[in-house]
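Colleague: Structure: data14.cif, mmCIF, C-alpha atoms and all ligand atoms.
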data_work
loop_
_atom_site.label_atom_id
_atom_site.label_comp_id
_atom_site.auth_asym_id
_atom_site.auth_seq_id
_atom_site.Cartn_x
_atom_site.Cartn_y
_atom_site.Cartn_z
CA MET A 1 134.99 104.38 137.47
CA ARG A 2 134.27 106.95 134.87
CA ALA A 3 136.67 105.32 132.43
CA ARG A 4 135.04 101.97 132.96
CA ALA A 5 131.57 103.43 132.37
CA ALA A 6 132.82 105.07 129.18
CA LEU A 7 134.31 101.79 128.04
CA ALA A 8 131.09 99.96 128.81
CA SER A 9 129.07 102.41 126.73
CA LEU A 10 131.62 102.21 123.92
CA THR A 11 131.38 98.43 123.75
CA ARG A 12 127.63 98.58 123.92
CA ASP A 13 127.50 101.03 120.99
CA LYS A 14 129.86 98.84 119.01
CA ALA A 15 127.58 95.88 119.63
CA VAL A 16 124.58 97.90 118.44
CA ASP A 17 126.45 98.96 115.29
CA MET A 18 127.38 95.36 114.58
CA SER A 19 123.85 94.15 115.00
CA ILE A 20 122.61 96.86 112.61
CA SER A 21 125.10 95.67 110.02
CA ASP A 22 124.18 92.00 110.66
CA ASN A 23 120.48 92.81 110.46
CA LEU A 24 120.98 94.66 107.17
CA ALA A 25 122.84 91.71 105.67
CA ASP A 26 120.10 89.39 106.86
CA ILE A 27 117.29 91.51 105.38
CA LEU A 28 119.11 91.89 102.05
CA ALA A 29 119.56 88.11 101.90
CA ARG A 30 115.87 87.57 102.70
CA ILE A 31 114.91 90.06 99.96
CA GLN A 32 117.00 88.14 97.43
CA ALA A 33 115.55 84.81 98.55
CA ALA A 34 111.99 86.13 98.34
CA ARG A 35 112.67 87.51 94.86
CA LYS A 36 113.99 84.12 93.72
CA ALA A 37 110.97 82.32 95.14
CA ALA A 38 108.49 84.76 93.59
CA LEU A 39 106.78 84.02 90.28
CA HIS A 40 106.40 87.69 89.41
CA SER A 41 108.99 89.66 91.30
CA ALA A 42 109.77 93.18 90.10
CA PRO A 43 112.91 93.87 88.02
CA GLN A 44 114.47 95.09 91.27
CA THR A 45 113.45 95.44 94.92
CA ARG A 46 115.17 98.20 96.87
CA LEU A 47 115.48 98.33 100.64
CA VAL A 48 114.32 101.55 102.29
CA ALA A 49 115.86 101.51 105.78
CA VAL A 50 113.27 103.25 107.97
CA SER A 51 115.29 105.32 110.44
CA LYS A 52 112.51 107.18 112.27
CA THR A 53 113.43 107.57 115.99
CA VAL A 54 116.91 106.16 115.22
CA ASP A 55 119.72 108.51 116.25
CA GLU A 56 122.49 109.70 113.96
CA ALA A 57 124.88 107.00 115.25
CA GLY A 58 122.40 104.34 114.19
CA VAL A 59 122.05 105.86 110.72
CA ARG A 60 125.84 106.05 110.47
CA ALA A 61 126.13 102.37 111.36
CA ALA A 62 123.81 101.55 108.46
CA LEU A 63 125.79 103.84 106.16
CA ALA A 64 129.03 102.12 107.21
CA ALA A 65 127.42 98.82 106.26
CA GLY A 66 126.72 100.19 102.78
CA GLN A 67 123.05 101.17 103.08
CA ARG A 68 122.27 104.38 101.18
CA LEU A 69 118.47 104.54 100.98
CA PHE A 70 116.57 105.72 104.06
CA GLY A 71 112.97 106.53 104.96
CA GLU A 72 111.71 109.02 107.53
CA ASN A 73 108.11 109.73 108.49
CA ARG A 74 108.46 113.26 109.90
CA VAL A 75 109.91 116.26 108.06
CA GLN A 76 111.13 117.88 111.27
CA GLU A 77 112.98 114.80 112.51
CA ALA A 78 114.56 114.24 109.10
CA LEU A 79 115.74 117.87 109.02
CA GLY A 80 117.56 117.25 112.29
CA LYS A 81 119.52 114.27 111.00
CA PHE A 82 119.89 114.21 107.26
CA PRO A 83 121.12 117.52 105.76
CA ALA A 84 124.64 116.98 107.15
CA LEU A 85 124.66 113.28 106.24
CA LYS A 86 123.51 114.08 102.70
CA ALA A 87 126.35 116.58 102.38
CA GLU A 88 128.77 113.87 103.51
CA PHE A 89 127.33 110.98 101.44
CA SER A 90 126.46 112.28 97.99
CA ASP A 91 124.66 109.04 97.05
CA LEU A 92 122.43 109.02 100.15
CA GLU A 93 118.77 108.89 99.08
CA LEU A 94 115.97 109.91 101.42
CA HIS A 95 112.25 109.08 101.17
CA LEU A 96 109.40 110.69 103.08
CA ILE A 97 107.04 107.91 104.19
CA GLY A 98 104.80 109.87 106.58
CA PRO A 99 102.00 112.38 105.93
CA LEU A 100 103.04 115.77 104.53
CA GLN A 101 101.34 119.03 105.55
CA THR A 102 101.23 121.69 102.85
CA ASN A 103 103.09 124.17 105.12
CA LYS A 104 106.09 121.78 105.11
CA VAL A 105 106.22 121.32 101.33
CA LYS A 106 109.08 123.75 100.80
CA GLU A 107 111.36 122.01 103.33
CA ALA A 108 110.28 118.56 102.16
CA ALA A 109 110.94 119.32 98.48
CA ALA A 110 114.44 120.53 99.34
CA LEU A 111 115.35 117.54 101.52
CA PHE A 112 113.67 114.41 100.15
CA ASP A 113 114.46 112.57 96.92
CA CYS A 114 111.06 110.90 96.93
CA ILE A 115 107.79 111.67 98.69
CA GLU A 116 105.84 108.41 99.05
CA THR A 117 102.76 110.00 100.58
CA LEU A 118 101.02 112.13 97.98
CA ASP A 119 97.39 111.63 99.02
CA ARG A 120 95.32 114.67 98.02
CA ALA A 121 94.93 117.21 95.21
CA LYS A 122 95.80 120.15 97.46
CA LEU A 123 99.17 118.62 98.25
CA ALA A 124 99.79 118.02 94.53
CA ASP A 125 98.98 121.71 93.91
CA ALA A 126 101.41 122.79 96.63
CA LEU A 127 104.17 120.53 95.26
CA ALA A 128 103.63 121.91 91.75
CA ALA A 129 103.75 125.49 93.07
CA GLU A 130 107.01 124.73 94.91
CA ARG A 131 108.44 123.10 91.76
CA ASP A 132 107.58 126.25 89.78
CA ARG A 133 109.12 128.46 92.47
CA SER A 134 112.34 126.56 93.26
CA SER A 135 112.59 124.01 90.41
CA LYS A 136 112.80 121.36 93.13
CA CYS A 137 110.53 118.39 92.82
CA PRO A 138 111.13 114.99 94.39
CA ARG A 139 109.78 111.85 92.75
CA LEU A 140 106.28 111.10 93.99
CA LEU A 141 104.33 108.01 94.96
CA VAL A 142 100.61 108.14 95.61
CA GLN A 143 99.70 106.63 98.98
CA VAL A 144 96.53 104.55 98.76
CA ASN A 145 94.46 103.76 101.86
CA THR A 146 93.68 100.25 100.65
CA GLY A 147 91.97 99.29 103.90
CA GLU A 148 89.79 102.44 103.79
CA GLU A 149 90.71 103.07 107.43
CA PRO A 150 89.32 106.43 108.62
CA GLN A 151 92.36 107.28 110.78
CA LYS A 152 94.91 106.39 108.10
CA ALA A 153 96.44 108.71 105.50
CA GLY A 154 96.20 107.88 101.81
CA VAL A 155 93.71 108.47 99.05
CA LEU A 156 90.70 106.15 98.97
CA PRO A 157 91.00 103.45 96.30
CA ASN A 158 88.08 104.77 94.24
CA GLU A 159 89.60 108.27 94.21
CA ALA A 160 93.15 107.22 93.33
CA GLY A 161 92.66 107.46 89.56
CA GLU A 162 91.45 111.04 89.83
CA LEU A 163 94.43 112.06 92.00
CA ILE A 164 96.94 110.39 89.66
CA ALA A 165 95.38 112.23 86.70
CA HIS A 166 95.43 115.52 88.60
CA ALA A 167 99.14 115.13 89.45
CA ARG A 168 99.96 114.13 85.88
CA ASN A 169 98.12 117.18 84.56
CA LEU A 170 100.42 119.29 86.72
CA ASN A 171 103.40 117.45 85.16
CA LEU A 172 104.41 116.11 88.55
CA PRO A 173 106.73 113.07 88.46
CA VAL A 174 104.36 110.41 89.81
CA THR A 175 106.19 107.10 89.45
CA GLY A 176 104.28 104.67 91.63
CA LEU A 177 102.03 103.74 94.54
CA MET A 178 102.51 103.06 98.23
CA CYS A 179 100.29 101.42 100.85
CA ILE A 180 100.25 100.42 104.52
CA PRO A 181 97.75 97.57 104.98
CA PRO A 182 95.63 97.45 108.16
CA HIS A 183 97.49 95.96 111.14
CA ASP A 184 94.93 93.28 111.83
CA GLN A 185 94.43 91.91 108.32
CA ASP A 186 96.18 89.59 105.91
CA PRO A 187 98.26 92.04 103.82
CA ALA A 188 98.22 89.86 100.70
CA PRO A 189 94.95 91.18 99.17
CA HIS A 190 96.12 94.74 99.83
CA PHE A 191 99.41 94.14 98.05
CA GLY A 192 97.60 92.45 95.17
CA PHE A 193 95.16 95.33 94.91
CA LEU A 194 97.93 97.94 94.87
CA ALA A 195 99.85 96.02 92.19
CA LYS A 196 96.77 95.90 89.96
CA LEU A 197 96.05 99.59 90.49
CA ALA A 198 99.63 100.41 89.50
CA ARG A 199 99.35 98.29 86.33
CA ASP A 200 96.05 99.93 85.43
CA HIS A 201 97.68 103.36 85.64
CA ASN A 202 100.96 102.38 84.04
CA LEU A 203 102.99 103.11 87.18
CA ALA A 204 106.24 101.17 87.66
CA GLU A 205 106.99 101.61 91.36
CA LEU A 206 105.32 99.74 94.23
CA SER A 207 106.38 100.64 97.78
CA MET A 208 104.88 97.98 100.03
CA GLY A 209 105.96 95.63 102.78
CA MET A 210 107.47 96.34 106.21
CA SER A 211 109.43 94.25 108.76
CA GLY A 212 106.62 91.75 109.25
CA ASP A 213 105.46 91.25 105.68
CA PHE A 214 108.08 92.38 103.15
CA GLU A 215 108.57 88.89 101.72
CA MET A 216 104.85 88.70 100.97
CA ALA A 217 105.00 92.15 99.33
CA ILE A 218 107.86 90.96 97.10
CA ARG A 219 105.64 88.11 95.90
CA PHE A 220 103.22 90.75 94.68
CA GLY A 221 105.89 92.74 92.88
CA ALA A 222 107.19 95.29 95.42
CA THR A 223 109.90 97.47 93.87
CA SER A 224 110.81 98.76 97.33
CA VAL A 225 110.18 97.54 100.86
CA ARG A 226 110.26 99.78 103.94
CA VAL A 227 111.93 98.05 106.87
CA GLY A 228 112.63 99.66 110.26
CA THR A 229 112.40 97.42 113.32
CA ALA A 230 114.08 94.41 111.71
CA ILE A 231 117.17 96.56 111.02
CA PHE A 232 117.36 99.03 113.90
CA GLY A 233 115.49 97.16 116.65
CA GLU A 234 112.28 97.99 118.47
CA ARG A 235 111.41 101.67 118.52
CA ILE A 236 110.77 103.42 121.80
CA ALA A 237 107.27 104.85 121.44
CA LEU A 238 107.34 108.63 120.94
C1 LIG B 1 107.57 102.86 110.56
C2 LIG B 1 107.18 102.61 109.15
C3 LIG B 1 107.68 101.49 108.46
C4 LIG B 1 108.61 100.47 109.08
O1 LIG B 1 107.92 99.65 109.95
P1 LIG B 1 108.64 98.39 110.64
O2 LIG B 1 107.51 97.53 111.05
O3 LIG B 1 109.42 98.94 111.79
O4 LIG B 1 109.51 97.76 109.63
C5 LIG B 1 107.29 101.32 107.14
N1 LIG B 1 106.45 102.19 106.53
C6 LIG B 1 105.96 103.26 107.16
C7 LIG B 1 105.05 104.18 106.42
C8 LIG B 1 106.29 103.51 108.49
O5 LIG B 1 105.79 104.59 109.11
#
In structure tokens, what does this structure look like?
Ligand SMILES: *Cc1c(COP(=O)(O)O)cnc(C)c1O
Modeller:
Amino acid sequence: MRARAALASLTRDKAVDMSISDNLADILARIQAARKAALHSAPQTRLVAVSKTVDEAGVRAALAAGQRLFGENRVQEALGKFPALKAEFSDLELHLIGPLQTNKVKEAAALFDCIETLDRAKLADALAAERDRSSKCPRLLVQVNTGEEPQKAGVLPNEAGELIAHARNLNLPVTGLMCIPPHDQDPAPHFGFLAKLARDHNLAELSMGMSGDFEMAIRFGATSVRVGTAIFGERIAL
């Protein structure tokens, strides 16, 4: 009985791994197709595989399929999964896509290759102080709250210029912008707005688009899309 149960769970895990690899191939093909169809696609569009709530076996399945760029939204959860994987896969790249508290800056600067959620001057100050202390500084994207939603992280659109200037004055490596459009709205105007804001500030990177709207984001010039559910399956709510 026990052997049969073990076998059943083994086959199930294998099936999950295979669907992760199939899903990845499917998303990569859809990214290429959307880029071809777009009038103004970016020079490249990278896939950030969003692995929040996904266990290490799931991340390993994606790694086995060739995926090397991952996104996590919580520092603590990422610390539990990624230090060992980064030691094992030297080309693994990790992005923070969730809000960052200043008391986690030290750990975040050591673990992440890019922080996509710079959204306030105080956080820029803390990142600069950590850079001066440890010489560690991930690449940074400024998260813009394009929908001006009170509960959502991100700098307000009319304050974005000031924050970008502040970070640049501190010599922080700000390379682009990120947004999460409101759930209940057409994302297109938000993507268009973010693209224009990036052009106005001479920023090359645009992180926008998730499972439900990444093809639309590519039409507006996304240089990276953040896809979770469509690769790893539905998340169990935390
Ligand atoms: C969870 C998350 C995603 C991925 O969302 P899916 O709809 O599962 O693709 C993208 N960006 C951010 C900031 C997220 O928190």
Colleague: How would you write, as a ChimeraX atom specification, the set of residues no farther than 12 Å from ligand LIG 1 (chain B) when counting only C-alpha atoms and all ligand atoms?
Modeller: /A:27,47-54,70-74,95-100,115-117,143-145,152-154,178-183,207-215,224-238
Colleague: Could you jot down the atom CA of A:Ala25 to atom CA of A:Ala64 separation for me, Å, one decimal place?
Modeller: 12.2 Å
Colleague: Please compute the atom CA of A:Ala121-atom CA of A:Val155 distance, one decimal, in Å.
Modeller: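 One can read the atom CA of A:Ala121 to atom CA of A:Val155 distance as 9.6 Å.
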Colleague: Could you check how far atom CA of A:Leu170 sits from atom CA of A:Thr45, in Å to one decimal?
Modeller: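 Taking atom CA of A:Leu170 and atom CA of A:Thr45, their separation equals 28.4 Å.
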Colleague: Could you give me, as JSON, numbers by chain, the residues within 12 Å of A:Gly161, counting all atoms listed in the file and dropping anything in the same chain fewer than 6 positions from it?
Modeller: {"A": [119, 120, 121, 142, 143, 144, 155, 167, 168, 177, 197, 198, 199, 200, 201, 202, 203]}
Colleague: Can you list, as a ChimeraX atom specification, every protein, DNA or RNA residue that comes within 10 Å of A:Gln76 when you count all atoms listed in the file, leaving out same-chain residues fewer than 6 positions away?
Modeller: /A:104,107-108
Colleague: Using only C-alpha atoms, can you tell me which of A:Arg68, A:Arg139, A:Lys81, A:His190 comes closest to A:Glu205?
Modeller: A:Arg139
Colleague: Kindly reconstruct stretch 10-34 of chain A with N, CA and C atoms and present the result as a JSON list (two decimals), in the frame of the given file.
Modeller:
[["chain", "number", "residue", "atom", "x", "y", "z"],
["A", 10, "LEU", "N", 130.98, 102.37, 125.23],
["A", 10, "LEU", "CA", 131.62, 102.21, 123.92],
["A", 10, "LEU", "C", 131.38, 100.80, 123.37],
["A", 11, "THR", "N", 131.59, 99.80, 124.23],
["A", 11, "THR", "CA", 131.38, 98.43, 123.75],
["A", 11, "THR", "C", 129.93, 98.20, 123.40],
["A", 12, "ARG", "N", 129.05, 98.79, 124.21],
["A", 12, "ARG", "CA", 127.63, 98.58, 123.92],
["A", 12, "ARG", "C", 127.30, 99.18, 122.53],
["A", 13, "ASP", "N", 127.78, 100.40, 122.28],
["A", 13, "ASP", "CA", 127.50, 101.03, 120.99],
["A", 13, "ASP", "C", 128.07, 100.20, 119.83],
["A", 14, "LYS", "N", 129.25, 99.69, 120.03],
["A", 14, "LYS", "CA", 129.86, 98.84, 119.01],
["A", 14, "LYS", "C", 128.97, 97.64, 118.71],
["A", 15, "ALA", "N", 128.45, 97.04, 119.80],
["A", 15, "ALA", "CA", 127.58, 95.88, 119.63],
["A", 15, "ALA", "C", 126.32, 96.26, 118.85],
["A", 16, "VAL", "N", 125.78, 97.44, 119.16],
["A", 16, "VAL", "CA", 124.58, 97.90, 118.44],
["A", 16, "VAL", "C", 124.90, 98.09, 116.96],
["A", 17, "ASP", "N", 126.05, 98.74, 116.69],
["A", 17, "ASP", "CA", 126.45, 98.96, 115.29],
["A", 17, "ASP", "C", 126.58, 97.63, 114.55],
["A", 18, "MET", "N", 127.19, 96.65, 115.23],
["A", 18, "MET", "CA", 127.38, 95.36, 114.58],
["A", 18, "MET", "C", 126.06, 94.67, 114.32],
["A", 19, "SER", "N", 125.12, 94.83, 115.25],
["A", 19, "SER", "CA", 123.85, 94.15, 115.00],
["A", 19, "SER", "C", 123.09, 94.86, 113.87],
["A", 20, "ILE", "N", 123.24, 96.17, 113.75],
["A", 20, "ILE", "CA", 122.61, 96.86, 112.61],
["A", 20, "ILE", "C", 123.19, 96.33, 111.30],
["A", 21, "SER", "N", 124.50, 96.17, 111.25],
["A", 21, "SER", "CA", 125.10, 95.67, 110.02],
["A", 21, "SER", "C", 124.71, 94.20, 109.76],
["A", 22, "ASP", "N", 124.65, 93.39, 110.82],
["A", 22, "ASP", "CA", 124.18, 92.00, 110.66],
["A", 22, "ASP", "C", 122.73, 91.96, 110.20],
["A", 23, "ASN", "N", 121.90, 92.78, 110.83],
["A", 23, "ASN", "CA", 120.48, 92.81, 110.46],
["A", 23, "ASN", "C", 120.30, 93.21, 109.00],
["A", 24, "LEU", "N", 121.07, 94.22, 108.57],
["A", 24, "LEU", "CA", 120.98, 94.66, 107.17],
["A", 24, "LEU", "C", 121.32, 93.52, 106.22],
["A", 25, "ALA", "N", 122.42, 92.82, 106.53],
["A", 25, "ALA", "CA", 122.84, 91.71, 105.67],
["A", 25, "ALA", "C", 121.75, 90.65, 105.62],
["A", 26, "ASP", "N", 121.15, 90.39, 106.77],
["A", 26, "ASP", "CA", 120.10, 89.39, 106.86],
["A", 26, "ASP", "C", 118.87, 89.80, 106.03],
["A", 27, "ILE", "N", 118.46, 91.05, 106.14],
["A", 27, "ILE", "CA", 117.29, 91.51, 105.38],
["A", 27, "ILE", "C", 117.57, 91.47, 103.88],
["A", 28, "LEU", "N", 118.78, 91.92, 103.49],
["A", 28, "LEU", "CA", 119.11, 91.89, 102.05],
["A", 28, "LEU", "C", 119.09, 90.47, 101.52],
["A", 29, "ALA", "N", 119.58, 89.51, 102.33],
["A", 29, "ALA", "CA", 119.56, 88.11, 101.90],
["A", 29, "ALA", "C", 118.11, 87.60, 101.80],
["A", 30, "ARG", "N", 117.28, 88.00, 102.75],
["A", 30, "ARG", "CA", 115.87, 87.57, 102.70],
["A", 30, "ARG", "C", 115.15, 88.20, 101.50],
["A", 31, "ILE", "N", 115.51, 89.43, 101.15],
["A", 31, "ILE", "CA", 114.91, 90.06, 99.96],
["A", 31, "ILE", "C", 115.30, 89.26, 98.71],
["A", 32, "GLN", "N", 116.56, 88.91, 98.61],
["A", 32, "GLN", "CA", 117.00, 88.14, 97.43],
["A", 32, "GLN", "C", 116.31, 86.79, 97.36],
["A", 33, "ALA", "N", 116.20, 86.13, 98.52],
["A", 33, "ALA", "CA", 115.55, 84.81, 98.55],
["A", 33, "ALA", "C", 114.08, 84.92, 98.16],
["A", 34, "ALA", "N", 113.41, 85.95, 98.67],
["A", 34, "ALA", "CA", 111.99, 86.13, 98.34],
["A", 34, "ALA", "C", 111.81, 86.44, 96.86]]
